[in-house]
Amino acid sequence: MTTGVTETQPQVPAPAPQPAAAPPAVATAILLATAPGEDGEAAALLEWEETTVLGRLADQAASVGARTIHVITRPDWATEVEHALEDSETGLALLEGADPKLAPTLRVERSEDPASDLRAIGRIAAEAAGGLLIAHGEVLTQREAIAGLAADPRVSTGVLATVGRVGRPFAQRTRSARGRVVSAASPYHGVNKPTTTFLGVLKVADVDRPALGAIAERLGELVAPPLPEGWPDELQRKMGIWRAVLARAAWREEMDAERPDADLFDDNSTPELELPENPQDIALSDEDEAEIARRAKVVPNDVAAMLVTGLVREGVPVGVSHLRKLFWARPITQAGVDRAAQDIREHDEEKDLLDSSVKAADGFFTTFFVSPYSKYIARWCARRGFTPNQVTTVSVIIGFVAAAAFATGERWGLIAGAVLLQIAFTTDCVDGQLARYTRQFSKLGAWLDSVFDRTKEYAVFAGLAIGYAASHADDVWALAGAALTLQTIRHMTDFAFGAARQQVIGEAKQPPLEHSSDRVGAAARLPAPPTPQQPEEPVAEQEERKVSLPRRILGSWRKVDRAPGAIWIKRMCAFPIGERFAVMSITAALWDAKVTFVVLIAWGLFATTYTFAGRFLRSVSR
């Protein structure tokens, strides 16, 4: 089928992207206005304030650097899509008469079906230059969520995703490891043990455009009827999952309404709803049945999820940019858009971005004693134009001053050094938060942060040893050398293990696109019929249920995380940098350098044993 194209040449620039040291990573955006709404029109054309959901998304794509915006839609919707783009801020700006070279080009691509959508994407990928941004046209999110994916150089090709419940049960799931997607679902592909949810926005780096084009062409062939064996079954399995999830949600709501003291119960206190084996026998409310019917029309058009699956299975590294606390929704009715509009008004985007600048998985000391206030220092620095690298440099300078104070060996010097060391650590936290808050990422910044962290730590070791020798008859150089050696070994093994894990992930075999299952080899057979009682993963083969002893130990150890505070104890056991700097400050201020080094060595040995045991079990488990 041929794909019609309508081009609008702009007259004035769209909203300018935020200043960046390098050209925008995204030069072309492809918005998919192909999902039907409840009235038969494109869901992307639902009204949003003075424009449409699609117009809002087009403005956001332009604001993160897209100079060409393609909108793929069905022929019957093309005229309305053109009007929607004209009514967007970007479209309205075209009427003002500025230099057309500065404005994005808007193109409407007419496409009959998902196969044609994929072929159009393949053609655009072949013709475009620079990075691509591909998104469902009805996605409603905050600009900073898209900017975070588009601007982060650590994620050259990647997806917007979340570990929370946002988007469930209808959004496609993924499984990630060490910041990389290792398995991705589509309407016709399943994921075993998913960990994240794909939120309908994909960035493809310029270097991966040829691979994307080839994958889009291949998927275009596969998705054209008749579908490969197992694909219709996988689609039906997903619909069974939807029914089970909605039934459980309604059951919980009913149970909570019947308990006046519901707030005293945790999730596990609600009796489990027994569901029939056949998903079609699950009784739902009329409203939930209508939602299932609407989503059943939408999901076959989810070609963005198909492309993510194709990229992963072809071995292209696909990173993850997390939504964190920002807002996201994918409404397909006007009532859903109105609810999203109300919800998004309750989200302070600047506050959400500031909160999201804090690492999601940091140490106990950093999370509870530093980050609650350091993020505000990061915002203060951003408003005054400081860069992350400047803050990193200030941090190491303060660290050297702390080491000099420790080197005096006097009580006042030990106390002053302890305070300065904490200021240096807080400043060290600020540089990363500032980078995430302002989207100022760079390889140089990452390298400086890593090197200067070690520099501060080892300078403090030297200062403590010098000060102790100056004020005592003996010295602690042997202890200082042992602490430095132990910490150096830990850093080396951390980097080596991380690199090895990334290599293993990159070399892992993937099943061909024709397989609906994500299992490789004998395990890549078609999944069993859907089981509503366990909806999140396909039923494995009998031999796959055999679990090795290391994996059983790891499984039991992960269950400990459910206990209150267990996860924080585990993180403290690993003796991260926040805990190390806290130990140095407290022991030096209250006692002396000998106590500091003894505690560092003892806790460091325990942490080394703890992390080695975990890594050994993960390495030998199958």
# chains A, B, ... in the order shown; residues from 1 in each chain; ligands from 1

$ residues_around --residues "range 455-462 of chain A" --least-positions-apart "4" --cutoff "6 Å" --atoms "only C-alpha atoms" --output "PyMOL selection string"
chain A and resi 396+399+403

$ write_last_selection --atoms "N, CA and C atoms" --output "PDB file, in the first residue's frame"
ATOM      1  N   VAL A 396      35.877  18.481  45.295  1.00  0.00           N
ATOM      2  CA  VAL A 396      37.196  17.921  45.546  1.00  0.00           C
ATOM      3  C   VAL A 396      38.085  18.923  46.278  1.00  0.00           C
ATOM      4  N   GLY A 399      37.209  18.693  49.795  1.00  0.00           N
ATOM      5  CA  GLY A 399      37.774  17.451  50.312  1.00  0.00           C
ATOM      6  C   GLY A 399      39.236  17.597  50.680  1.00  0.00           C
ATOM      7  N   ALA A 403      41.022  17.151  54.319  1.00  0.00           N
ATOM      8  CA  ALA A 403      42.210  16.327  54.562  1.00  0.00           C
ATOM      9  C   ALA A 403      43.285  17.140  55.287  1.00  0.00           C
TER      10      ALA A 403
END

$ residues_around --residues "range 548-560 of chain A" --least-positions-apart "5" --cutoff "8 Å" --atoms "only C-alpha atoms" --output "list in words"
Ala566, Ile567, Gly614, Leu617, Arg618, Val620, Ser621 and Arg622 of chain A

$ write_last_selection --atoms "N, CA and C atoms" --output "PDB file, in the first residue's frame"
ATOM      1  N   ALA A 566      14.333  -3.794  55.432  1.00  0.00           N
ATOM      2  CA  ALA A 566      15.345  -4.781  55.037  1.00  0.00           C
ATOM      3  C   ALA A 566      16.207  -4.274  53.884  1.00  0.00           C
ATOM      4  N   ILE A 567      15.580  -3.594  52.937  1.00  0.00           N
ATOM      5  CA  ILE A 567      16.336  -3.134  51.780  1.00  0.00           C
ATOM      6  C   ILE A 567      17.406  -2.128  52.185  1.00  0.00           C
ATOM      7  N   GLY A 614      27.072 -12.520  46.997  1.00  0.00           N
ATOM      8  CA  GLY A 614      25.941 -12.266  46.113  1.00  0.00           C
ATOM      9  C   GLY A 614      26.311 -12.389  44.649  1.00  0.00           C
ATOM     10  N   LEU A 617      26.818 -16.081  43.701  1.00  0.00           N
ATOM     11  CA  LEU A 617      25.553 -16.795  43.521  1.00  0.00           C
ATOM     12  C   LEU A 617      24.883 -16.398  42.210  1.00  0.00           C
ATOM     13  N   ARG A 618      24.909 -15.114  41.868  1.00  0.00           N
ATOM     14  CA  ARG A 618      24.303 -14.689  40.614  1.00  0.00           C
ATOM     15  C   ARG A 618      25.060 -15.235  39.413  1.00  0.00           C
ATOM     16  N   VAL A 620      26.790 -18.142  39.227  1.00  0.00           N
ATOM     17  CA  VAL A 620      26.671 -19.587  39.039  1.00  0.00           C
ATOM     18  C   VAL A 620      25.231 -20.053  38.921  1.00  0.00           C
ATOM     19  N   SER A 621      24.283 -19.166  39.233  1.00  0.00           N
ATOM     20  CA  SER A 621      22.875 -19.569  39.107  1.00  0.00           C
ATOM     21  C   SER A 621      22.511 -19.661  37.639  1.00  0.00           C
ATOM     22  N   ARG A 622      21.521 -20.475  37.332  1.00  0.00           N
ATOM     23  CA  ARG A 622      21.123 -20.629  35.924  1.00  0.00           C
ATOM     24  C   ARG A 622      19.612 -20.454  35.790  1.00  0.00           C
TER      25      ARG A 622
END

$ residues_around --residues "Lys203 in chain A" --least-positions-apart "3" --cutoff "12 Å" --atoms "only C-alpha atoms" --output "PyMOL selection string"
chain A and resi 24-31+61+64+66+125+130-135+146-153+155-161+199-200+206-209+212+304+307-308+311+317-321

$ select_by_dssp --residues "range 139-312 of chain A" --states "alpha helix (DSSP H)" --output "PyMOL selection string"
chain A and resi 143-151+209-223+231-257+286-298+303-312

$ closest_residue --among "A:Gly467, A:Asp113, A:Thr485, A:Asp87" --to "Pro75 in chain A" --atoms "only C-alpha atoms"
A:Asp113

$ closest_residue --among "A:Val476, A:Val504, A:Leu246, A:Val181" --to "Lys594 in chain A" --atoms "only C-alpha atoms"
A:Val476

$ select_by_dssp --residues "range 12-252 of chain A" --states "strand (DSSP E or B)" --output "ChimeraX atom specification"
/A:28-33,36,42,47-48,51-52,68-73,105-110,132-136,140-141,158-162,173-177,180-184,186,189,196-204

$ atom_distance --atom1 "CA of Ser371 in chain A" --atom2 "CA of Val419 in chain A"
16.8 Å

$ closest_residue --among "A:Met572, A:Ala405, A:Val583, A:Val430" --to "Thr611 in chain A" --atoms "only C-alpha atoms"
A:Met572

$ closest_residue --among "A:Thr608, A:Gln280, A:Ser357, A:Thr197" --to "His491 in chain A" --atoms "only C-alpha atoms"
A:Thr608

$ residues_around --residues "Asp428 in chain A" --least-positions-apart "6" --cutoff "12 Å" --atoms "only C-alpha atoms" --output "ChimeraX atom specification"
/A:366,370-371,374-375,377-378,388-399,421-422,434-435,445-446,448-454,456-457,577-578,581

$ atom_distance --atom1 "CA of Glu349 in chain A" --atom2 "CA of Thr141 in chain A"
10.2 Å

$ residues_around --residues "Ala62 in chain A" --least-positions-apart "3" --cutoff "12 Å" --atoms "only C-alpha atoms" --output "ChimeraX atom specification"
/A:13-18,24,26-31,55-59,65-70,85,88-91,93,102-106,133,143,146-147,150

$ residues_around --residues "range 234-238 of chain A" --least-positions-apart "3" --cutoff "6 Å" --atoms "only C-alpha atoms" --output "list of chain:residue names"
A:Pro187, A:Tyr188, A:Trp231, A:Ile241, A:Pro530

$ closest_residue --among "A:Ala361, A:Leu118, A:Asp39, A:Leu444" --to "Ile215 in chain A" --atoms "only C-alpha atoms"
A:Leu118

$ atom_distance --atom1 "CA of Pro564 in chain A" --atom2 "CA of Pro576 in chain A"
20.4 Å

$ residues_around --residues "Gly481 in chain A" --least-positions-apart "2" --cutoff "12 Å" --atoms "only C-alpha atoms" --output "list in words"
Tyr458, Phe461, Ala462, Leu464, Ala465, Asp475, Val476, Trp477, Ala478, Leu479, Ala483, Leu484, Thr485, Leu486, Gln487, Thr488, Phe597, Val598, Leu600 and Ile601 of chain A

$ write_last_selection --atoms "all heavy atoms" --output "compact mmCIF listing (two decimals), in the first residue's frame"
# COMPACT_ATOMS: atom_id res chain seq x y z
N TYR A 458 40.93 9.14 49.26
CA TYR A 458 42.31 8.76 49.56
C TYR A 458 43.10 9.92 50.16
O TYR A 458 44.01 9.71 50.98
CB TYR A 458 42.99 8.24 48.30
CG TYR A 458 42.35 6.97 47.75
CD1 TYR A 458 42.57 6.55 46.45
CD2 TYR A 458 41.50 6.21 48.56
CE1 TYR A 458 41.98 5.39 45.96
CE2 TYR A 458 40.91 5.05 48.07
CZ TYR A 458 41.15 4.66 46.76
OH TYR A 458 40.56 3.52 46.27
N PHE A 461 42.33 9.77 53.76
CA PHE A 461 43.12 8.71 54.39
C PHE A 461 44.51 9.24 54.76
O PHE A 461 44.99 9.04 55.89
CB PHE A 461 43.29 7.52 53.43
CG PHE A 461 42.06 6.66 53.28
CD1 PHE A 461 40.89 6.95 53.95
CD2 PHE A 461 42.09 5.53 52.47
CE1 PHE A 461 39.76 6.15 53.81
CE2 PHE A 461 40.98 4.72 52.32
CZ PHE A 461 39.81 5.04 52.98
N ALA A 462 45.15 9.93 53.80
CA ALA A 462 46.49 10.45 54.04
C ALA A 462 46.47 11.51 55.14
O ALA A 462 47.34 11.51 56.03
CB ALA A 462 47.05 11.05 52.75
N LEU A 464 44.37 11.84 57.65
CA LEU A 464 44.16 11.19 58.95
C LEU A 464 45.44 10.54 59.46
O LEU A 464 45.79 10.64 60.65
CB LEU A 464 43.04 10.15 58.84
CG LEU A 464 41.61 10.70 58.72
CD1 LEU A 464 40.65 9.58 58.33
CD2 LEU A 464 41.17 11.32 60.06
N ALA A 465 46.16 9.85 58.55
CA ALA A 465 47.40 9.17 58.95
C ALA A 465 48.47 10.19 59.34
O ALA A 465 49.20 9.99 60.34
CB ALA A 465 47.90 8.30 57.81
N ASP A 475 52.22 5.36 64.72
CA ASP A 475 51.52 5.85 63.53
C ASP A 475 50.52 4.78 63.07
O ASP A 475 50.48 3.67 63.58
CB ASP A 475 52.50 6.18 62.39
CG ASP A 475 53.29 4.97 61.92
OD1 ASP A 475 52.66 3.97 61.52
OD2 ASP A 475 54.54 5.02 61.95
N VAL A 476 49.70 5.17 62.07
CA VAL A 476 48.67 4.26 61.56
C VAL A 476 48.83 4.07 60.05
O VAL A 476 47.86 3.77 59.36
CB VAL A 476 47.27 4.81 61.87
CG1 VAL A 476 46.95 4.75 63.34
CG2 VAL A 476 47.10 6.23 61.33
N TRP A 477 50.06 4.22 59.57
CA TRP A 477 50.26 4.11 58.13
C TRP A 477 49.94 2.71 57.61
O TRP A 477 49.43 2.55 56.48
CB TRP A 477 51.69 4.48 57.77
CG TRP A 477 51.92 5.96 57.80
CD1 TRP A 477 52.63 6.67 58.73
CD2 TRP A 477 51.40 6.92 56.87
NE1 TRP A 477 52.59 8.01 58.45
CE2 TRP A 477 51.83 8.21 57.30
CE3 TRP A 477 50.62 6.84 55.73
CZ2 TRP A 477 51.52 9.37 56.62
CZ3 TRP A 477 50.30 8.00 55.05
CH2 TRP A 477 50.75 9.24 55.50
N ALA A 478 50.21 1.70 58.40
CA ALA A 478 49.88 0.33 57.96
C ALA A 478 48.36 0.16 57.83
O ALA A 478 47.86 -0.42 56.86
CB ALA A 478 50.44 -0.70 58.95
N LEU A 479 47.63 0.71 58.82
CA LEU A 479 46.17 0.64 58.75
C LEU A 479 45.64 1.46 57.58
O LEU A 479 44.72 1.04 56.88
CB LEU A 479 45.56 1.14 60.06
CG LEU A 479 45.75 0.26 61.30
CD1 LEU A 479 45.21 0.96 62.54
CD2 LEU A 479 45.06 -1.08 61.10
N ALA A 483 43.46 0.03 54.51
CA ALA A 483 42.15 0.58 54.15
C ALA A 483 42.14 1.02 52.69
O ALA A 483 41.17 0.77 51.96
CB ALA A 483 41.80 1.74 55.06
N LEU A 484 43.22 1.68 52.26
CA LEU A 484 43.30 2.15 50.88
C LEU A 484 43.33 0.96 49.91
O LEU A 484 42.63 0.96 48.88
CB LEU A 484 44.53 3.02 50.69
CG LEU A 484 44.68 3.74 49.35
CD1 LEU A 484 45.42 5.06 49.54
CD2 LEU A 484 45.44 2.89 48.33
N THR A 485 44.12 -0.06 50.24
CA THR A 485 44.21 -1.24 49.37
C THR A 485 42.87 -1.95 49.27
O THR A 485 42.43 -2.33 48.17
CB THR A 485 45.27 -2.21 49.91
OG1 THR A 485 46.53 -1.55 49.97
CG2 THR A 485 45.38 -3.44 49.02
N LEU A 486 42.21 -2.12 50.42
CA LEU A 486 40.92 -2.79 50.42
C LEU A 486 39.90 -2.02 49.59
O LEU A 486 39.16 -2.61 48.78
CB LEU A 486 40.41 -2.94 51.86
CG LEU A 486 39.01 -3.55 52.03
CD1 LEU A 486 38.96 -4.96 51.47
CD2 LEU A 486 38.61 -3.56 53.50
N GLN A 487 39.87 -0.71 49.75
CA GLN A 487 38.90 0.08 49.01
C GLN A 487 39.21 0.09 47.52
O GLN A 487 38.31 0.06 46.68
CB GLN A 487 38.85 1.51 49.55
CG GLN A 487 37.63 2.30 49.12
CD GLN A 487 36.33 1.59 49.45
OE1 GLN A 487 36.14 1.08 50.55
NE2 GLN A 487 35.44 1.54 48.48
N THR A 488 40.51 0.11 47.17
CA THR A 488 40.89 0.05 45.77
C THR A 488 40.46 -1.26 45.14
O THR A 488 39.93 -1.29 44.01
CB THR A 488 42.41 0.22 45.62
OG1 THR A 488 42.80 1.48 46.18
CG2 THR A 488 42.82 0.17 44.15
N PHE A 597 40.26 3.95 60.92
CA PHE A 597 40.76 2.94 60.00
C PHE A 597 40.33 1.53 60.40
O PHE A 597 40.05 0.69 59.54
CB PHE A 597 42.29 3.02 59.91
CG PHE A 597 42.77 4.21 59.15
CD1 PHE A 597 43.65 5.11 59.72
CD2 PHE A 597 42.33 4.45 57.85
CE1 PHE A 597 44.10 6.22 59.02
CE2 PHE A 597 42.78 5.55 57.15
CZ PHE A 597 43.66 6.44 57.73
N VAL A 598 40.25 1.25 61.70
CA VAL A 598 39.80 -0.07 62.14
C VAL A 598 38.36 -0.32 61.70
O VAL A 598 38.03 -1.40 61.19
CB VAL A 598 39.94 -0.21 63.68
CG1 VAL A 598 39.21 -1.44 64.17
CG2 VAL A 598 41.40 -0.26 64.08
N LEU A 600 36.78 1.23 59.22
CA LEU A 600 36.75 1.15 57.76
C LEU A 600 37.18 -0.23 57.27
O LEU A 600 36.56 -0.80 56.36
CB LEU A 600 37.68 2.21 57.16
CG LEU A 600 37.19 3.66 57.19
CD1 LEU A 600 38.29 4.59 56.71
CD2 LEU A 600 35.95 3.84 56.31
N ILE A 601 38.22 -0.78 57.87
CA ILE A 601 38.72 -2.09 57.43
C ILE A 601 37.72 -3.18 57.81
O ILE A 601 37.41 -4.07 56.99
CB ILE A 601 40.11 -2.37 58.05
CG1 ILE A 601 41.14 -1.40 57.47
CG2 ILE A 601 40.53 -3.81 57.80
CD1 ILE A 601 42.47 -1.42 58.19
